[in-house]
Structures are given as C-alpha cells and as structure tokens.
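upload.csv (CSV, C-alpha atoms)
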```csv
chain,number,residue,atom,x,y,z
A,1,MET,CA,-72.4,163.7,110.3
A,2,LYS,CA,-72.9,165.6,107.0
A,3,GLY,CA,-75.6,167.5,108.7
A,4,GLU,CA,-77.9,167.4,105.6
A,5,GLU,CA,-80.8,165.9,107.5
A,6,THR,CA,-82.3,166.9,110.9
A,7,LEU,CA,-82.2,164.5,113.8
A,8,ASN,CA,-85.9,163.8,113.5
A,9,GLN,CA,-85.6,162.8,109.9
A,10,ILE,CA,-82.6,160.5,110.6
A,11,ALA,CA,-84.4,159.0,113.6
A,12,SER,CA,-87.5,158.3,111.5
A,13,LYS,CA,-85.5,156.9,108.7
A,14,TYR,CA,-83.6,154.4,110.8
A,15,SER,CA,-86.2,153.8,113.6
A,16,VAL,CA,-84.0,155.1,116.4
A,17,THR,CA,-84.5,157.9,118.9
A,18,PRO,CA,-83.1,161.4,118.4
A,19,GLN,CA,-81.5,161.0,121.9
A,20,SER,CA,-79.6,157.9,120.7
A,21,LEU,CA,-78.3,159.8,117.6
A,22,GLN,CA,-77.1,162.7,119.8
A,23,LYS,CA,-75.3,160.3,122.1
A,24,TRP,CA,-73.7,158.3,119.2
A,25,LYS,CA,-72.5,161.5,117.4
A,26,LYS,CA,-70.9,162.8,120.6
A,27,GLU,CA,-69.2,159.4,121.2
A,28,PHE,CA,-67.9,159.4,117.6
A,29,LEU,CA,-66.5,162.9,117.8
A,30,GLU,CA,-64.8,162.2,121.1
A,31,ASN,CA,-63.1,159.1,119.6
A,32,ALA,CA,-62.7,160.2,116.0
A,33,PHE,CA,-58.9,160.2,116.4
A,34,LEU,CA,-58.9,156.4,116.2
A,35,ALA,CA,-59.9,156.8,112.6
A,36,PHE,CA,-56.5,158.3,111.9
A,37,ASP,CA,-54.6,155.6,113.8
A,38,LEU,CA,-55.8,152.4,112.1
A,39,SER,CA,-52.7,150.4,112.9
A,40,GLY,CA,-52.9,151.2,116.6
A,41,ALA,CA,-56.6,150.6,116.7
A,42,THR,CA,-56.4,147.1,115.1
A,43,LYS,CA,-53.1,145.9,116.5
A,44,ASP,CA,-54.7,144.0,119.4
A,45,TYR,CA,-57.2,142.3,117.2
A,46,LYS,CA,-55.0,141.4,114.2
A,47,GLU,CA,-54.7,137.7,115.2
A,48,GLU,CA,-58.4,137.4,116.0
A,49,ILE,CA,-59.3,139.0,112.6
A,50,GLU,CA,-57.1,136.5,110.7
A,51,THR,CA,-58.7,133.6,112.6
A,52,LEU,CA,-62.2,134.8,111.8
A,53,LYS,CA,-61.3,135.1,108.1
A,54,GLU,CA,-60.2,131.5,108.1
A,55,GLU,CA,-63.3,130.4,109.9
A,56,ASN,CA,-65.4,132.4,107.5
A,57,ASN,CA,-63.8,130.8,104.5
A,58,GLU,CA,-64.4,127.3,105.9
A,59,LEU,CA,-68.0,128.2,106.7
A,60,ALA,CA,-68.6,129.4,103.1
A,61,LYS,CA,-67.3,126.2,101.7
A,62,THR,CA,-69.5,124.1,104.1
A,63,LEU,CA,-72.7,126.0,103.3
A,64,GLY,CA,-72.2,125.5,99.6
A,65,LYS,CA,-74.6,126.0,96.8
A,66,THR,CA,-77.7,125.8,99.1
A,67,THR,CA,-76.7,128.8,101.1
A,68,ILE,CA,-75.8,130.8,98.1
A,69,GLU,CA,-79.3,130.2,96.6
A,70,ARG,CA,-81.0,131.0,99.8
A,71,ASP,CA,-79.0,134.3,100.2
A,72,TRP,CA,-80.0,135.2,96.6
A,73,ALA,CA,-83.6,134.7,97.3
A,74,MET,CA,-83.4,136.6,100.6
A,75,GLY,CA,-81.7,139.5,98.8
A,76,LYS,CA,-84.6,139.6,96.3
A,77,LEU,CA,-87.1,139.7,99.1
A,78,LYS,CA,-85.4,142.4,101.0
A,79,SER,CA,-85.1,144.6,97.9
A,80,LEU,CA,-88.9,144.7,97.5
A,81,ASP,CA,-90.7,148.0,98.3
A,82,LEU,CA,-92.5,148.4,101.6
A,83,LEU,CA,-96.0,147.7,100.2
A,84,SER,CA,-94.9,144.4,98.6
A,85,LYS,CA,-93.2,143.3,101.8
A,86,LYS,CA,-96.4,143.9,103.7
A,87,THR,CA,-98.4,141.8,101.4
A,88,LEU,CA,-96.1,138.8,102.0
A,89,ILE,CA,-96.7,138.9,105.8
A,90,GLU,CA,-99.0,136.1,106.9
A,91,LYS,CA,-100.9,137.1,110.0
A,92,SER,CA,-103.4,134.2,110.2
A,93,LYS,CA,-103.0,132.0,113.3
A,94,LEU,CA,-105.1,129.2,111.7
A,95,LYS,CA,-102.2,128.2,109.5
A,96,THR,CA,-100.3,125.6,111.5
A,97,LYS,CA,-97.0,126.2,109.9
A,98,VAL,CA,-97.0,130.0,109.8
A,99,ILE,CA,-93.8,131.7,110.9
A,100,PRO,CA,-94.2,134.2,113.7
A,101,ILE,CA,-94.7,137.7,112.5
A,102,SER,CA,-91.6,138.9,114.3
A,103,LYS,CA,-89.5,136.3,112.4
A,104,GLN,CA,-91.2,137.2,109.1
A,105,CYS,CA,-90.4,140.8,109.6
A,106,LYS,CA,-86.8,140.0,110.4
A,107,LEU,CA,-86.4,137.8,107.2
A,108,LEU,CA,-87.9,140.6,105.1
A,109,ASP,CA,-85.8,143.3,106.8
A,110,LEU,CA,-89.1,145.0,107.7
A,111,ASN,CA,-89.8,147.1,110.9
A,112,ARG,CA,-92.5,145.2,112.8
A,113,THR,CA,-94.3,148.4,113.8
A,114,SER,CA,-94.9,149.2,110.1
A,115,ILE,CA,-97.3,146.3,110.0
A,116,TYR,CA,-99.7,147.8,112.5
A,117,TYR,CA,-98.9,151.5,112.1
A,118,LYS,CA,-101.4,153.6,110.1
A,119,PRO,CA,-99.8,156.9,109.1
A,120,LYS,CA,-101.6,160.1,110.0
A,121,PRO,CA,-101.8,162.8,107.4
A,122,VAL,CA,-99.6,165.8,108.1
A,123,ASN,CA,-101.6,168.5,109.8
A,124,GLU,CA,-100.6,171.5,107.6
A,125,LYS,CA,-102.7,173.8,109.9
A,126,ASN,CA,-100.6,173.0,112.9
A,127,LEU,CA,-97.4,173.5,110.9
A,128,GLN,CA,-98.6,176.9,109.7
A,129,ILE,CA,-99.3,177.9,113.3
A,130,LEU,CA,-95.8,176.9,114.4
A,131,ASN,CA,-94.2,178.9,111.5
A,132,THR,CA,-96.3,181.9,112.4
A,133,MET,CA,-95.4,181.7,116.0
A,134,ASP,CA,-91.7,181.6,115.1
A,135,GLU,CA,-92.1,184.7,112.9
A,136,ILE,CA,-94.0,186.6,115.7
A,137,TYR,CA,-91.3,185.7,118.2
A,138,THR,CA,-88.4,186.7,116.0
A,139,ASP,CA,-90.1,190.1,115.4
A,140,ASN,CA,-91.0,190.4,119.1
A,141,PRO,CA,-88.6,188.4,121.3
A,142,ASP,CA,-90.0,189.9,124.4
A,143,TYR,CA,-93.5,188.3,123.8
A,144,ASP,CA,-94.6,185.6,126.2
A,145,TYR,CA,-97.2,183.0,125.4
A,146,ARG,CA,-100.1,185.4,126.2
A,147,MET,CA,-98.8,188.0,123.7
A,148,ILE,CA,-98.1,185.4,121.0
A,149,HIS,CA,-101.6,184.0,121.6
A,150,GLN,CA,-103.0,187.5,121.1
A,151,GLY,CA,-100.9,187.9,117.9
A,152,LEU,CA,-102.3,184.6,116.5
A,153,LEU,CA,-105.9,185.6,117.3
A,154,GLU,CA,-105.3,188.9,115.5
A,155,LEU,CA,-104.2,187.0,112.4
A,156,GLY,CA,-107.3,184.9,112.5
A,157,TYR,CA,-106.1,181.7,114.2
A,158,VAL,CA,-108.5,179.9,116.5
A,159,ILE,CA,-106.2,178.6,119.3
A,160,GLY,CA,-106.1,178.4,123.1
A,161,LYS,CA,-103.3,179.8,125.4
A,162,GLU,CA,-102.4,176.3,126.6
A,163,ARG,CA,-101.8,175.2,123.1
A,164,VAL,CA,-99.6,178.2,122.4
A,165,LEU,CA,-97.5,177.4,125.5
A,166,LYS,CA,-97.2,173.8,124.3
A,167,TYR,CA,-96.0,174.9,120.9
A,168,MET,CA,-93.5,177.4,122.4
A,169,ASN,CA,-92.0,174.5,124.2
A,170,ILE,CA,-91.8,172.5,121.0
A,171,LEU,CA,-90.1,175.5,119.3
A,172,GLY,CA,-87.9,176.0,122.3
A,173,ILE,CA,-88.7,179.7,122.6
A,174,GLU,CA,-89.3,181.9,125.6
A,175,ALA,CA,-89.7,185.6,126.1
A,176,ILE,CA,-86.4,187.5,126.6
A,177,ARG,CA,-86.6,188.5,130.3
A,178,PRO,CA,-84.4,188.3,133.3
A,179,LYS,CA,-84.1,184.5,133.1
A,180,LYS,CA,-82.5,182.0,130.7
A,181,ARG,CA,-84.1,181.0,127.5
A,182,LYS,CA,-84.7,177.4,126.7
A,183,LEU,CA,-83.0,175.4,123.9
A,184,THR,CA,-80.0,177.4,123.1
A,185,SER,CA,-78.9,178.6,126.6
A,186,ILE,CA,-79.2,175.5,128.8
A,187,LYS,CA,-76.7,175.9,131.7
A,188,ASP,CA,-74.7,173.0,133.0
A,189,LYS,CA,-74.5,173.3,136.8
A,190,GLU,CA,-71.2,171.3,136.8
A,191,HIS,CA,-69.5,173.8,134.5
A,192,LYS,CA,-67.7,176.9,135.7
A,193,THR,CA,-69.3,180.2,134.6
A,194,TYR,CA,-67.5,183.5,134.2
A,195,PRO,CA,-68.4,187.1,135.0
A,196,TYR,CA,-69.7,189.6,132.5
A,197,ILE,CA,-66.8,192.0,131.9
A,198,LEU,CA,-68.3,194.0,129.0
A,199,SER,CA,-69.5,196.6,131.5
A,200,GLU,CA,-66.0,198.1,131.0
A,201,TYR,CA,-67.2,199.1,127.5
A,202,HIS,CA,-70.5,200.6,128.6
A,203,ASN,CA,-71.3,204.2,127.9
A,204,ASP,CA,-73.6,206.4,129.9
A,205,LYS,CA,-76.6,204.6,128.6
A,206,LYS,CA,-75.1,201.3,129.5
A,207,GLN,CA,-74.7,200.4,125.8
A,208,VAL,CA,-71.6,198.4,124.8
A,209,ILE,CA,-69.2,200.5,122.7
A,210,VAL,CA,-66.2,198.8,121.2
A,211,ASN,CA,-63.8,201.1,119.3
A,212,ASN,CA,-61.6,198.6,117.5
A,213,PRO,CA,-61.8,195.3,115.7
A,214,ASN,CA,-60.7,192.2,117.6
A,215,GLU,CA,-61.3,193.8,121.0
A,216,VAL,CA,-64.5,191.8,121.6
A,217,TRP,CA,-65.9,188.8,119.8
A,218,SER,CA,-69.3,187.4,120.6
A,219,GLY,CA,-70.7,183.9,120.0
A,220,ASP,CA,-74.1,182.3,120.2
A,221,ILE,CA,-76.4,179.6,118.7
A,222,THR,CA,-79.8,179.9,117.2
A,223,TYR,CA,-82.2,177.4,115.6
A,224,ILE,CA,-83.5,177.4,112.1
A,225,ARG,CA,-86.7,175.5,111.2
A,226,VAL,CA,-86.5,173.2,108.2
A,227,PRO,CA,-88.9,170.5,106.8
A,228,GLY,CA,-88.8,167.7,109.3
A,229,GLY,CA,-87.3,169.5,112.2
A,230,PHE,CA,-84.6,172.1,113.2
A,231,MET,CA,-81.0,172.8,112.4
A,232,TYR,CA,-78.7,174.9,114.6
A,233,LEU,CA,-76.5,177.8,113.5
A,234,SER,CA,-73.5,178.8,115.6
A,235,ALA,CA,-71.8,182.1,114.7
A,236,ILE,CA,-69.1,184.5,115.9
A,237,ILE,CA,-69.3,188.3,115.3
A,238,ASP,CA,-66.7,191.0,115.7
A,239,TRP,CA,-68.5,193.5,118.0
A,240,HIS,CA,-66.9,196.7,116.5
A,241,THR,CA,-67.3,196.0,112.8
A,242,LYS,CA,-70.3,193.6,113.1
A,243,SER,CA,-68.5,191.2,110.7
A,244,ILE,CA,-69.4,187.5,110.9
A,245,LEU,CA,-66.0,185.8,111.3
A,246,ALA,CA,-67.1,182.2,111.4
A,247,TYR,CA,-70.2,180.1,111.4
A,248,LYS,CA,-71.3,176.4,111.4
A,249,ILE,CA,-74.6,174.7,110.8
A,250,SER,CA,-75.3,171.3,112.5
A,251,ASN,CA,-78.3,169.0,113.3
A,252,THR,CA,-77.2,168.8,116.9
A,253,MET,CA,-76.5,171.5,119.4
A,254,ASP,CA,-73.5,170.6,121.6
A,255,ALA,CA,-70.1,171.8,122.7
A,256,THR,CA,-68.6,170.6,119.4
A,257,LEU,CA,-70.7,173.0,117.4
A,258,ALA,CA,-69.5,176.0,119.4
A,259,THR,CA,-65.9,174.7,119.6
A,260,TYR,CA,-65.5,174.1,115.8
A,261,THR,CA,-66.9,177.6,115.1
A,262,LEU,CA,-64.3,179.2,117.5
A,263,LYS,CA,-61.4,177.2,116.0
A,264,GLU,CA,-62.3,178.3,112.5
A,265,ALA,CA,-62.4,182.0,113.6
A,266,LEU,CA,-59.1,181.8,115.3
A,267,GLU,CA,-57.5,180.1,112.3
A,268,LYS,CA,-58.7,182.8,109.9
A,269,TYR,CA,-58.3,186.0,112.0
A,270,PRO,CA,-56.2,187.5,114.9
A,271,LYS,CA,-57.5,186.5,118.3
A,272,PRO,CA,-59.7,189.0,120.3
A,273,LYS,CA,-59.0,190.4,123.7
A,274,VAL,CA,-62.5,189.3,125.0
A,275,PHE,CA,-64.9,186.6,124.0
A,276,ASN,CA,-68.5,187.0,125.2
A,277,SER,CA,-71.2,184.4,125.2
A,278,ASP,CA,-74.2,183.3,127.2
A,279,GLN,CA,-74.0,180.7,130.1
A,280,GLY,CA,-75.1,177.8,127.9
A,281,SER,CA,-73.3,174.5,128.4
A,282,GLN,CA,-71.8,174.8,124.9
A,283,TYR,CA,-69.8,177.8,126.0
A,284,THR,CA,-69.0,176.8,129.5
A,285,SER,CA,-67.7,173.4,128.4
A,286,TYR,CA,-64.1,172.4,129.2
A,287,GLU,CA,-63.3,172.2,125.5
A,288,HIS,CA,-64.5,175.7,124.6
A,289,THR,CA,-63.1,177.5,127.7
A,290,LYS,CA,-59.7,175.7,127.2
A,291,ILE,CA,-59.3,177.1,123.7
A,292,LEU,CA,-59.9,180.6,125.1
A,293,LYS,CA,-57.5,180.2,128.0
A,294,ASP,CA,-54.8,178.7,125.8
A,295,ASN,CA,-55.0,181.8,123.6
A,296,ASN,CA,-55.0,184.2,126.6
A,297,ILE,CA,-58.5,185.4,125.6
A,298,GLN,CA,-60.6,186.9,128.5
A,299,ILE,CA,-63.8,185.1,129.0
A,300,SER,CA,-67.0,187.1,129.5
A,301,MET,CA,-70.5,185.6,129.9
A,302,ASN,CA,-73.9,187.2,130.0
A,303,GLY,CA,-75.6,187.8,133.3
A,304,LYS,CA,-78.1,185.1,134.2
A,305,GLY,CA,-81.0,185.4,131.7
A,306,ARG,CA,-79.7,188.6,130.2
A,307,SER,CA,-79.4,187.8,126.5
A,308,ILE,CA,-79.4,191.5,125.8
A,309,ASP,CA,-75.8,191.4,127.1
A,310,ASN,CA,-75.0,189.6,123.8
A,311,ILE,CA,-77.0,192.0,121.7
A,312,ALA,CA,-74.6,192.2,118.7
A,313,ILE,CA,-75.0,188.5,117.7
A,314,GLU,CA,-78.7,188.5,118.8
A,315,ARG,CA,-79.4,191.3,116.3
A,316,PHE,CA,-77.5,189.5,113.5
A,317,PHE,CA,-79.6,186.4,114.1
A,318,ARG,CA,-82.8,188.5,113.9
A,319,THR,CA,-81.6,190.2,110.7
A,320,LEU,CA,-80.8,186.8,109.1
A,321,LYS,CA,-84.1,185.3,110.0
A,322,TYR,CA,-86.3,188.3,109.2
A,323,ASN,CA,-84.6,189.4,106.0
A,324,TYR,CA,-83.7,186.0,104.5
A,325,ILE,CA,-84.8,182.8,106.3
A,326,PHE,CA,-88.5,183.6,106.6
A,327,ILE,CA,-88.9,184.8,103.0
A,328,ASN,CA,-87.2,181.8,101.4
A,329,GLU,CA,-88.2,178.1,101.2
A,330,PHE,CA,-85.5,175.6,101.8
A,331,LYS,CA,-86.4,172.2,100.4
A,332,SER,CA,-83.3,170.4,101.8
A,333,ILE,CA,-80.5,171.0,104.4
A,334,ARG,CA,-78.1,171.5,101.5
A,335,ASN,CA,-80.3,174.3,100.2
A,336,LEU,CA,-80.3,175.8,103.7
A,337,LYS,CA,-76.5,175.7,104.0
A,338,GLU,CA,-76.0,177.2,100.5
A,339,GLY,CA,-78.5,179.9,101.3
A,340,VAL,CA,-77.0,180.9,104.7
A,341,LYS,CA,-73.5,180.9,103.0
A,342,PHE,CA,-74.9,183.3,100.4
A,343,TYR,CA,-76.5,185.6,102.9
A,344,ILE,CA,-73.6,185.8,105.2
A,345,HIS,CA,-71.3,186.8,102.3
A,346,LYS,CA,-73.8,189.4,101.3
A,347,TYR,CA,-74.1,190.6,104.9
A,348,ASN,CA,-70.4,190.9,105.3
A,349,PHE,CA,-69.4,192.4,101.9
A,350,LYS,CA,-72.4,194.0,100.3
A,351,ARG,CA,-74.9,195.1,103.0
A,352,PHE,CA,-74.7,198.5,104.6
A,353,HIS,CA,-74.8,198.6,108.4
A,354,SER,CA,-76.0,201.6,110.2
A,355,ALA,CA,-74.0,200.9,113.4
A,356,ILE,CA,-70.7,201.5,111.4
A,357,GLY,CA,-71.8,204.6,109.5
A,358,TYR,CA,-73.5,202.7,106.7
A,359,GLN,CA,-70.4,200.9,105.7
A,360,LYS,CA,-70.0,197.2,104.9
A,361,PRO,CA,-68.9,195.0,107.9
A,362,MET,CA,-66.1,192.9,106.5
A,363,ASN,CA,-64.7,195.8,104.4
A,364,VAL,CA,-64.3,197.8,107.6
A,365,TYR,CA,-62.8,194.8,109.4
A,366,LEU,CA,-60.2,194.1,106.7
A,367,GLU,CA,-59.4,197.8,106.2
A,368,SER,CA,-58.3,197.9,109.9
A,369,PHE,CA,-55.5,195.6,109.1
A,370,LYS,CA,-54.2,197.9,106.4
A,371,LYS,CA,-54.2,200.8,108.7
A,372,SER,CA,-52.3,199.0,111.4
A,373,ALA,CA,-49.7,197.5,109.0
```

Spell out the structure here as structure tokens.
Amino acid sequence: MKGEETLNQIASKYSVTPQSLQKWKKEFLENAFLAFDLSGATKDYKEEIETLKEENNELAKTLGKTTIERDWAMGKLKSLDLLSKKTLIEKSKLKTKVIPISKQCKLLDLNRTSIYYKPKPVNEKNLQILNTMDEIYTDNPDYDYRMIHQGLLELGYVIGKERVLKYMNILGIEAIRPKKRKLTSIKDKEHKTYPYILSEYHNDKKQVIVNNPNEVWSGDITYIRVPGGFMYLSAIIDWHTKSILAYKISNTMDATLATYTLKEALEKYPKPKVFNSDQGSQYTSYEHTKILKDNNIQISMNGKGRSIDNIAIERFFRTLKYNYIFINEFKSIRNLKEGVKFYIHKYNFKRFHSAIGYQKPMNVYLESFKKSA
C-alpha cells in the first residue's frame, strides 16, 4: 500500500502473482472503511473471540514445557538464511525415516520451489534494449515497431522485428495513431463513455485554446520504469496555465489512482468547467465520473484512439521523462517519489513555459486568483 515497491518486486518477495496483489489491493481499498469502525466490525464475533482466547489458554497449559522448547527450536531454524535452510533439506529416498521434502520445507518456512530453482543471471543486454526502446518511443511516440527496430539498428543493436514487437508489449507501448494505446488507455466496454467537447475551444487550426484557468482540466496516467518493474503516475493539468494541480504515484493502475488524484485537486483548487481524459477504464469508472457529476463538472473524453486530444498532459509527461526521468537513476521507489516531487515543483514554480509567454505555470495560475479577487 505504501507504493515503495513494484508489483513484480512484491510478488517475487512473497511468492504470489501480481494479479493476486492487484485483486487484494482493490478489495482492501473497497472495504477500507471497516478499519475505522472496529466496534461494528468485531461486534458479531466478540463472543467467539472470547471463547477462542479461553481455549487458547487451556491449550498452552496442556502443551507445557515440551511445546515451548519445540517452538524455540523451530524459531531458530526458521531464522536461518536461505542457504543454511537448503543444506538441512534431506532429499535421499534411501533413508527410511526421512520426512517428505514438502513437510521439511514447511517446517523450515522455505518455499519448495527454491530447492529446485537455479537462478538465471540478469540479462543486462536485454534490460538495456528495453530502456533504449522506452527512450526512442518517448522521443517519437508515433513510431511503430518497425520504426523502433530501425532506431535500434542505427544505435548498433542486433535485434529482430519480432523481438522488438514482443518488448513493446512488455513495455505496454504502441504508436500514437487512430486507435487506443495499450496499458494506460484500456477501455471497459461496460462503462459509459462521454463525447469529446473540447472542439468548442478549437481555433482555425483545430488546436485547443483555453483562455482562463479552471476552464479545462486534463487527466492521464503514464508509466515510469524502475528497477524491478514499473510504477504509474497519474496527474492533472490546468490546460490554460499548464500547471500540475495534483499527482499520485502508485504500483497499480486502477480507478483508485485516478480518483485519488482528482479528489486532491478539487480539495486544493476551485473546480473546472470541463474535465478531459481518455476513454480508459480508470476515467470511465463509476467512482471517477460520480465525483465529476457531483461537482457539476462537464465530462469530456478523447475520441477513440486520439491521444492527441489530450495533448496538454501528454506533453507534460514527455517533458518529465525526457528532461528528468531518463537522465537520473532511481535506486528505490522512495527516490523516484522524491525526484518526481522535486521536478513537479520545479516545473510549476521555476521553469519557463513557452505556451504562456515564457512565464512559470503555477505563478500564472495563482496570479489569476488575485486578479479575480
């Protein structure tokens, strides 16, 4: 829940699948209110808990000294390092009294697969190819697998097109064209989608021109690679001033990520007239659209596959990755969160932005409140 490790890292650490972790996190968040109503949650089980306490006390007395000594010995065994535990496992079937390997592993609190698994060395070359592909795509989001393949060949990599396509699926990237991108824009067919209404703000060149702060907000989610997997960054931008009003980093990409970001923005700043996003399930979810409706905010969504309709936030993500993420090494999720926090503050308050006459985004945004006061 802290979001300081990726799903893959947590899954590896506790020998569970990433899909299970996503499911558990979702279930926890949906039922988190029970944590604040302890009396109500335990009321029906109070008598049963008291009975179990009494039974437990009686059991402890019955087991006596023998059980205590056994537990002490088991504790010492379980505290051993992985290598020491492996040396204690007896695999020989010739010993008539040998305990089954599955039981031995259970007693030693050892994952059975670790007995047979031979770790493979990390392929640094493949990781380097993935990183390079990510950089090529961020600089050229219109590149398909053939163009990225050509870019890799130009840089000296020996790799086939099929492998490039496979790695693009791993990264969850796809050329920005008239169809939806994978990973961060997965549509849920059961969710209602809304029309794109920013055409009202188009100029003669069909560019979106917003003249005032809080007329249009835009939200989106992007991935950031880290050692061991990926994290997901959700952000909301004010279209006129280009200010980042709220953001959140998580190891899962779900409706909660988008919803929490929206709630934070609305708590800190006046609501917008229009909120624009893509048609991803995070933004079409009941929870997200309900917040917008409750605040009388018009809902606008990109045309199918038209990420360019959300160009303001797309350009911010590109700027963040190109000017900061790619040129820094983050050794932990905590380092990443601190780094993103630092850069967004710099972007908001210290970095000149050409779209607003080389002024600083948040300064322009906050100055608008003084003029309207």

Which stretch 198-258 of chain A residues have any atom within 12 Å of an atom of stretch 262-268 of chain A, and for each, what is the nearest pair of atoms with distance in Å to one decimal, counting all atoms listed in the file, rows sorted by chain and number, as JSON lines?
```
{"residue": "A:Asn214", "atom": "CA", "partner": "A:Leu266", "partner_atom": "CA", "distance": 10.8}
{"residue": "A:Trp217", "atom": "CA", "partner": "A:Ala265", "partner_atom": "CA", "distance": 9.8}
{"residue": "A:Ser218", "atom": "CA", "partner": "A:Leu262", "partner_atom": "CA", "distance": 10.1}
{"residue": "A:Gly219", "atom": "CA", "partner": "A:Leu262", "partner_atom": "CA", "distance": 8.3}
{"residue": "A:Asp220", "atom": "CA", "partner": "A:Leu262", "partner_atom": "CA", "distance": 10.6}
{"residue": "A:Ser234", "atom": "CA", "partner": "A:Leu262", "partner_atom": "CA", "distance": 9.4}
{"residue": "A:Ala235", "atom": "CA", "partner": "A:Leu262", "partner_atom": "CA", "distance": 8.5}
{"residue": "A:Ile236", "atom": "CA", "partner": "A:Leu262", "partner_atom": "CA", "distance": 7.3}
{"residue": "A:Ile237", "atom": "CA", "partner": "A:Ala265", "partner_atom": "CA", "distance": 9.5}
{"residue": "A:Asp238", "atom": "CA", "partner": "A:Ala265", "partner_atom": "CA", "distance": 10.2}
{"residue": "A:Ser243", "atom": "CA", "partner": "A:Ala265", "partner_atom": "CA", "distance": 11.4}
{"residue": "A:Ile244", "atom": "CA", "partner": "A:Ala265", "partner_atom": "CA", "distance": 9.3}
{"residue": "A:Leu245", "atom": "CA", "partner": "A:Ala265", "partner_atom": "CA", "distance": 5.7}
{"residue": "A:Ala246", "atom": "CA", "partner": "A:Ala265", "partner_atom": "CA", "distance": 5.2}
{"residue": "A:Tyr247", "atom": "CA", "partner": "A:Glu264", "partner_atom": "CA", "distance": 8.2}
{"residue": "A:Lys248", "atom": "CA", "partner": "A:Glu264", "partner_atom": "CA", "distance": 9.3}
{"residue": "A:Ala255", "atom": "CA", "partner": "A:Leu262", "partner_atom": "CA", "distance": 10.7}
{"residue": "A:Thr256", "atom": "CA", "partner": "A:Leu262", "partner_atom": "CA", "distance": 9.8}
{"residue": "A:Leu257", "atom": "CA", "partner": "A:Leu262", "partner_atom": "CA", "distance": 8.9}
{"residue": "A:Ala258", "atom": "CA", "partner": "A:Leu262", "partner_atom": "CA", "distance": 6.4}
```

Computed interatomic separation between atom CA of A:Asn363 and atom CA of A:Phe349 (Å):
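Here the two named atoms are 6.3 Å from each other.
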
What lies within 12 Å of A:Pro195 using all atoms listed in the file, ignoring chain neighbours under 6 positions off, as number ranges by chain?
A: 274-279, 284, 298-304, 309

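The space separating atom CA of A:Thr62 from atom CA of A:Glu50 comes to 18.7 Å.
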
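The shell of residues at most 12 Å from A:Lys331, with only C-alpha atoms counted and near chain neighbours (fewer than 4 positions) removed, consists of Glu4, Glu5, Arg225, Val226, Pro227, Gly228, Asn335, Leu336, Lys337, Glu338 and Gly339 of chain A.
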
Which residue, A:Leu155, A:Leu320, A:Val364, A:Ile325, has the smallest gap to A:Phe352 when you use all atoms listed in the file?
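Using all atoms listed in the file, the shortest distance to A:Phe352 belongs to A:Val364.
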
When you count all atoms listed in the file, which of these residues is closest to A:Ser368: A:Lys166, A:Phe330, A:Pro270, A:Tyr322?
A:Pro270
